[in-house]
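Trainee: I'm passing along start.txt; it holds compact mmCIF, C-alpha atoms.
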# COMPACT_ATOMS: atom_id res chain seq x y z
CA MET A 1 76.66 -35.14 11.36
CA PHE A 2 80.30 -36.19 11.31
CA ILE A 3 80.61 -35.36 15.02
CA ASN A 4 78.64 -38.56 15.75
CA VAL A 5 81.66 -40.55 14.57
CA LEU A 6 83.46 -39.30 17.69
CA PHE A 7 81.15 -41.42 19.81
CA ASP A 8 80.92 -44.39 17.43
CA ASP A 9 84.59 -44.64 16.45
CA PRO A 10 86.76 -42.10 18.32
CA VAL A 11 90.02 -43.50 16.91
CA PHE A 12 88.88 -43.00 13.32
CA PHE A 13 87.54 -39.54 14.21
CA LEU A 14 90.84 -38.36 15.66
CA ARG A 15 92.86 -39.89 12.83
CA TYR A 16 90.67 -38.25 10.20
CA ILE A 17 90.81 -34.83 11.88
CA ALA A 18 94.59 -35.01 12.26
CA ILE A 19 95.12 -36.12 8.65
CA ILE A 20 92.85 -33.41 7.23
CA ILE A 21 94.51 -30.67 9.30
CA ILE A 22 98.02 -31.77 8.34
CA SER A 23 97.09 -32.23 4.67
CA ILE A 24 95.40 -28.84 4.33
CA THR A 25 98.22 -27.08 6.18
CA LEU A 26 100.85 -28.56 3.85
CA HIS A 27 98.60 -27.86 0.85
CA GLU A 28 98.40 -24.17 1.75
CA LEU A 29 102.10 -23.95 2.57
CA ALA A 30 102.86 -25.34 -0.88
CA HIS A 31 100.86 -22.49 -2.40
CA GLY A 32 102.79 -20.05 -0.23
CA PHE A 33 106.26 -21.34 -1.09
CA ALA A 34 105.34 -21.49 -4.78
CA ALA A 35 104.13 -17.88 -4.65
CA ILE A 36 107.37 -16.78 -2.99
CA GLY A 37 109.29 -18.65 -5.67
CA GLN A 38 107.35 -16.70 -8.29
CA GLY A 39 108.21 -13.33 -6.77
CA ASP A 40 105.29 -12.72 -4.41
CA ASN A 41 106.21 -12.08 -0.77
CA THR A 42 102.58 -11.75 0.37
CA PRO A 43 102.54 -15.12 2.21
CA GLN A 44 105.53 -14.02 4.29
CA LYS A 45 104.14 -10.53 4.99
CA ALA A 46 100.79 -12.03 6.02
CA GLY A 47 102.50 -14.45 8.43
CA HIS A 48 101.30 -17.55 6.60
CA ILE A 49 104.64 -19.31 6.25
CA THR A 50 103.99 -21.34 9.38
CA LEU A 51 102.95 -24.87 10.37
CA ASN A 52 100.19 -23.45 12.58
CA PRO A 53 96.97 -24.89 11.10
CA VAL A 54 94.82 -22.18 12.69
CA VAL A 55 96.58 -19.60 10.51
CA HIS A 56 95.80 -21.53 7.34
CA MET A 57 92.36 -22.88 8.19
CA GLY A 58 90.91 -20.56 10.78
CA VAL A 59 88.93 -21.55 13.86
CA GLN A 60 85.63 -21.74 11.95
CA SER A 61 87.05 -24.18 9.42
CA ILE A 62 88.44 -26.46 12.13
CA ILE A 63 85.14 -26.40 14.04
CA PHE A 64 83.25 -27.19 10.83
CA LEU A 65 85.69 -30.05 10.20
CA CYS A 66 84.85 -31.59 13.57
CA LEU A 67 81.12 -31.11 13.06
CA ALA A 68 80.67 -31.97 9.39
CA GLY A 69 83.93 -33.60 8.30
CA ILE A 70 84.57 -30.88 5.70
CA SER A 71 87.12 -28.09 5.91
CA TRP A 72 89.04 -25.54 3.87
CA GLY A 73 92.15 -23.39 3.98
CA GLN A 74 93.50 -20.20 2.48
CA MET A 75 96.85 -18.78 1.46
CA PRO A 76 96.99 -15.04 0.68
CA VAL A 77 98.82 -14.35 -2.57
CA ASN A 78 99.00 -11.40 -4.93
CA SER A 79 99.12 -12.52 -8.55
CA ASP A 80 100.10 -8.99 -9.62
CA LYS A 81 103.53 -9.68 -8.13
CA PHE A 82 104.10 -12.91 -10.05
CA ARG A 83 107.09 -12.56 -12.33
CA ASN A 84 105.80 -14.86 -15.06
CA GLY A 85 102.12 -13.97 -15.32
CA ARG A 86 99.90 -16.91 -16.26
CA ILE A 87 102.70 -19.44 -15.91
CA SER A 88 103.29 -18.32 -12.32
CA ASP A 89 99.55 -18.46 -11.62
CA ILE A 90 99.42 -22.05 -12.86
CA ILE A 91 102.48 -23.04 -10.82
CA VAL A 92 101.12 -21.51 -7.61
CA SER A 93 97.63 -22.94 -8.12
CA ALA A 94 98.93 -26.42 -8.93
CA ALA A 95 101.33 -26.53 -5.97
CA GLY A 96 98.59 -27.37 -3.45
CA PRO A 97 96.94 -30.28 -5.28
CA LEU A 98 100.32 -31.66 -6.32
CA THR A 99 101.36 -31.65 -2.67
CA ASN A 100 98.29 -33.75 -1.82
CA LEU A 101 99.17 -36.08 -4.68
CA ALA A 102 102.72 -36.41 -3.37
CA LEU A 103 101.41 -37.07 0.15
CA GLY A 104 99.01 -39.67 -1.19
CA ILE A 105 101.83 -41.43 -3.03
CA SER A 106 104.05 -41.23 0.06
CA PHE A 107 101.45 -42.70 2.41
CA ALA A 108 100.50 -45.40 -0.11
CA SER A 109 104.20 -46.31 -0.46
CA LEU A 110 104.57 -46.49 3.32
CA LEU A 111 101.47 -48.68 3.45
CA VAL A 112 103.12 -51.12 1.05
CA MET A 113 106.42 -51.04 2.96
CA PHE A 114 104.92 -51.61 6.41
CA TYR A 115 101.81 -53.60 5.46
CA ASN A 116 102.82 -56.75 7.32
CA SER A 117 105.30 -55.24 9.76
CA GLY A 118 102.95 -54.36 12.59
CA LEU A 119 105.10 -51.27 13.25
CA VAL A 120 102.67 -48.73 11.81
CA SER A 121 98.88 -48.76 11.70
CA LYS A 122 97.73 -49.91 8.25
CA ASP A 123 94.40 -48.19 8.82
CA PHE A 124 96.10 -44.84 9.47
CA LEU A 125 98.33 -45.07 6.39
CA TYR A 126 95.42 -46.17 4.19
CA LEU A 127 93.22 -43.34 5.44
CA ALA A 128 96.02 -40.79 4.98
CA ALA A 129 96.61 -41.96 1.41
CA ARG A 130 92.88 -42.01 0.65
CA VAL A 131 92.29 -38.51 2.04
CA ASN A 132 95.16 -36.99 0.09
CA PHE A 133 94.31 -38.66 -3.21
CA THR A 134 90.73 -37.46 -2.74
CA LEU A 135 91.87 -33.91 -1.95
CA PHE A 136 93.98 -33.97 -5.11
CA LEU A 137 91.07 -35.15 -7.26
CA LEU A 138 88.68 -32.63 -5.72
CA ASN A 139 91.00 -29.66 -6.05
CA ILE A 140 91.77 -30.19 -9.73
CA LEU A 141 88.09 -29.82 -10.66
CA PRO A 142 87.61 -26.68 -12.83
CA ILE A 143 85.09 -25.12 -10.43
CA PRO A 144 85.67 -21.90 -8.47
CA PRO A 145 87.03 -21.46 -5.87
CA LEU A 146 88.97 -24.71 -6.28
CA ASP A 147 92.58 -24.68 -7.47
CA GLY A 148 91.62 -26.44 -10.68
CA PHE A 149 89.57 -23.43 -11.72
CA HIS A 150 92.56 -21.11 -11.28
CA ILE A 151 94.66 -23.46 -13.40
CA TYR A 152 92.13 -23.76 -16.20
CA SER A 153 91.18 -20.08 -16.12
CA SER A 154 94.86 -19.17 -16.51
CA ILE A 155 94.91 -21.31 -19.64
CA PHE A 156 91.49 -20.06 -20.80
CA PRO A 157 91.17 -16.44 -19.55
CA SER A 158 87.53 -16.21 -20.66
CA LEU A 159 86.66 -18.33 -17.61
CA LYS A 160 87.96 -15.64 -15.23
CA LYS A 161 84.59 -13.88 -15.20
CA LEU A 162 83.11 -16.84 -13.32
CA GLN A 163 85.61 -16.53 -10.47
CA ASP A 164 83.62 -14.15 -8.29
CA SER A 165 80.18 -14.93 -9.64
CA PRO A 166 77.53 -16.82 -7.65
CA ILE A 167 77.38 -19.28 -10.55
CA GLY A 168 80.75 -20.73 -9.55
CA LEU A 169 79.81 -21.30 -5.92
CA PHE A 170 76.44 -22.67 -7.00
CA GLY A 171 78.26 -25.09 -9.28
CA LEU A 172 80.40 -26.34 -6.42
CA VAL A 173 77.31 -26.91 -4.26
CA ILE A 174 75.56 -28.74 -7.10
CA VAL A 175 78.58 -31.01 -7.59
CA PHE A 176 78.47 -32.08 -3.95
CA LEU A 177 74.72 -32.70 -4.20
CA ILE A 178 75.16 -35.06 -7.15
CA PRO A 179 74.37 -38.58 -5.88
CA GLY A 180 77.51 -40.66 -5.70
CA PHE A 181 79.93 -37.78 -6.34
CA SER A 182 81.89 -38.20 -3.10
CA GLU A 183 81.71 -41.98 -3.43
CA THR A 184 83.22 -41.72 -6.92
CA LEU A 185 86.18 -39.71 -5.64
CA PHE A 186 86.71 -42.24 -2.84
CA PHE A 187 86.41 -45.12 -5.33
CA ILE A 188 89.10 -43.61 -7.55
CA SER A 189 91.33 -43.02 -4.52
CA ASP A 190 90.83 -46.59 -3.32
CA SER A 191 91.62 -47.88 -6.83
CA ILE A 192 94.90 -45.92 -6.86
CA ILE A 193 95.89 -47.38 -3.49
CA LYS A 194 95.06 -50.90 -4.68
CA VAL A 195 97.48 -50.39 -7.57
CA PHE A 196 100.23 -49.68 -5.02
CA LEU A 197 99.28 -52.76 -2.99
CA LYS A 198 99.72 -54.97 -6.04
CA PHE A 199 103.46 -54.26 -6.14
Produce structure tokens that represent the structure in this file.
Mentor:
Amino acid sequence: MFINVLFDDPVFFLRYIAIIIISITLHELAHGFAAIGQGDNTPQKAGHITLNPVVHMGVQSIIFLCLAGISWGQMPVNSDKFRNGRISDIIVSAAGPLTNLALGISFASLLVMFYNSGLVSKDFLYLAARVNFTLFLLNILPIPPLDGFHIYSSIFPSLKKLQDSPIGLFGLVIVFLIPGFSETLFFISDSIIKVFLKF
């Protein structure tokens, strides 16, 4: 269990928890602001335009994060209110992953800038970049309930029928059970960061 890391490496544990909470909160807020920009005021009415992570993640998600190292968030939107139909759906769905990509690029850039300065922890910046690149890669997978599925199903409406089916959730579980899946995402994220470090 991830909670064991608290006793083995408490600094890493706290850094990881903080980075995940901040990253998911900003991810969900990006969905919310994009939805508002597309004519849907549901995020505002539901009280989700806030930096409070409990609102976006819920207590259960935060507890599960501490125990297992995995978490999730949610932003209530109503696609029926989108002014541009599928285009709006794609914009709102893509806003979250693109925010993680932007955060990953930002942290990787800061890592390069302060690598030898001693002013900022290199380990923190590397972990923050790695987490956000990994969240981006994970969320663009075309598997429900991930954002990637909403993007692809807006382009290919025939996929919509899988959205609420047990097949989609089963597919997500299977993906995580594939040996080396998580390691592959981390490897890609590490490779992206190494590209930054070469400059």
Trainee: Give me, as a PyMOL selection string, all polymer residues having an atom no more than 12 Å from Trp72 in chain A, counting only C-alpha atoms and skipping those fewer than 3 positions away in the same chain.
Mentor: chain A and resi 20-25+27-28+53-65+68-69+75+135+138-139+145-147
Trainee: Quick check, in Å to one decimal: how far apart do CA of Phe12 in chain A and CA of Leu141 in chain A lie?
Mentor: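 Computed distance, CA of Phe12 in chain A to CA of Leu141 in chain A, equals 27.4 Å.
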Trainee: By how many Å are CA of Arg15 in chain A and CA of Pro76 in chain A apart?
Mentor: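 So the two atoms, CA of Arg15 in chain A and CA of Pro76 in chain A, lie 28.0 Å apart.
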Trainee: With only C-alpha atoms as the atoms that count, which of A:Ser154, A:Ser182, A:Gln163, A:Ser109 lies nearest to Phe199 in chain A?
Mentor: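 Between A:Ser154, A:Ser182, A:Gln163, A:Ser109, the residue approaching Phe199 in chain A most closely is A:Ser109.
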Trainee: List every residue of range 10-39 of chain A that has an atom at most 10 Å from any atom of range 82-85 of chain A, giving for each one its closest atom pair and the distance in Å to one decimal, counting all atoms listed in the file, sorted by chain and then by ascending residue number, as JSON lines.
Mentor:
{"residue": "A:Ala35", "atom": "CA", "partner": "A:Phe82", "partner_atom": "CA", "distance": 7.3}
{"residue": "A:Ile36", "atom": "CA", "partner": "A:Phe82", "partner_atom": "CA", "distance": 8.7}
{"residue": "A:Gly37", "atom": "CA", "partner": "A:Phe82", "partner_atom": "CA", "distance": 8.9}
{"residue": "A:Gln38", "atom": "CA", "partner": "A:Phe82", "partner_atom": "CA", "distance": 5.3}
{"residue": "A:Gly39", "atom": "CA", "partner": "A:Phe82", "partner_atom": "CA", "distance": 5.3}
Trainee: Put a box with edges along x, y and z around all the listed atoms of range 1-6 of chain A, pad it by 8 Å on each side, then give me its centre and sizes in Å, one decimal, as lines of an AutoDock Vina configuration file.
Mentor:
center_x = 80.1
center_y = -37.8
center_z = 14.5
size_x = 22.8
size_y = 21.4
size_z = 22.4
Trainee: Under the rule that only C-alpha atoms are counted, which of A:Phe124, A:Phe136, A:Phe186, A:Phe170 is the nearest residue to Ala18 in chain A?
Mentor: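 Result for the nearest residue to Ala18 in chain A: A:Phe124.
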Trainee: Mind pulling up the distance from CA of Ser189 in chain A to CA of Val120 in chain A?
Mentor: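 Interatomic distance here is 20.7 Å.
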Trainee: Which of these residues is nearest to Ala94 in chain A, using all atoms listed in the file: A:Leu14, A:Met113, A:Ile151, A:Val5?
Mentor: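 Once distances to Ala94 in chain A are computed over all atoms listed in the file, the minimum belongs to A:Ile151.
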Trainee: Any idea what's packed within 6 Å of range 95-104 of chain A, counting all atoms listed in the file, ignoring anything in its chain fewer than 6 positions away? Could you give it as a count of residues only?
Mentor: 7
Trainee: Could you tell me which of A:Arg130, A:Arg86, A:Lys194, A:His48 comes closest to Phe156 in chain A if we count all atoms listed in the file?
Mentor: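 Answer, going by the shortest atom-to-atom distance: A:Arg86.
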Trainee: With all atoms listed in the file as the basis for distance, which of A:Ile193, A:Cys66, A:Leu177, A:Val131 is at the shortest distance from Leu6 in chain A?
Mentor: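 For Leu6 in chain A, the nearest of the given residues is A:Cys66.
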Trainee: Would you please work out which residue, of A:Ser88, A:Asn78, A:Thr50, A:Ser106, is nearest to Leu125 in chain A when using all atoms listed in the file?
Mentor: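 Of A:Ser88, A:Asn78, A:Thr50, A:Ser106, the one nearest Leu125 in chain A, counting all atoms listed in the file, is A:Ser106.
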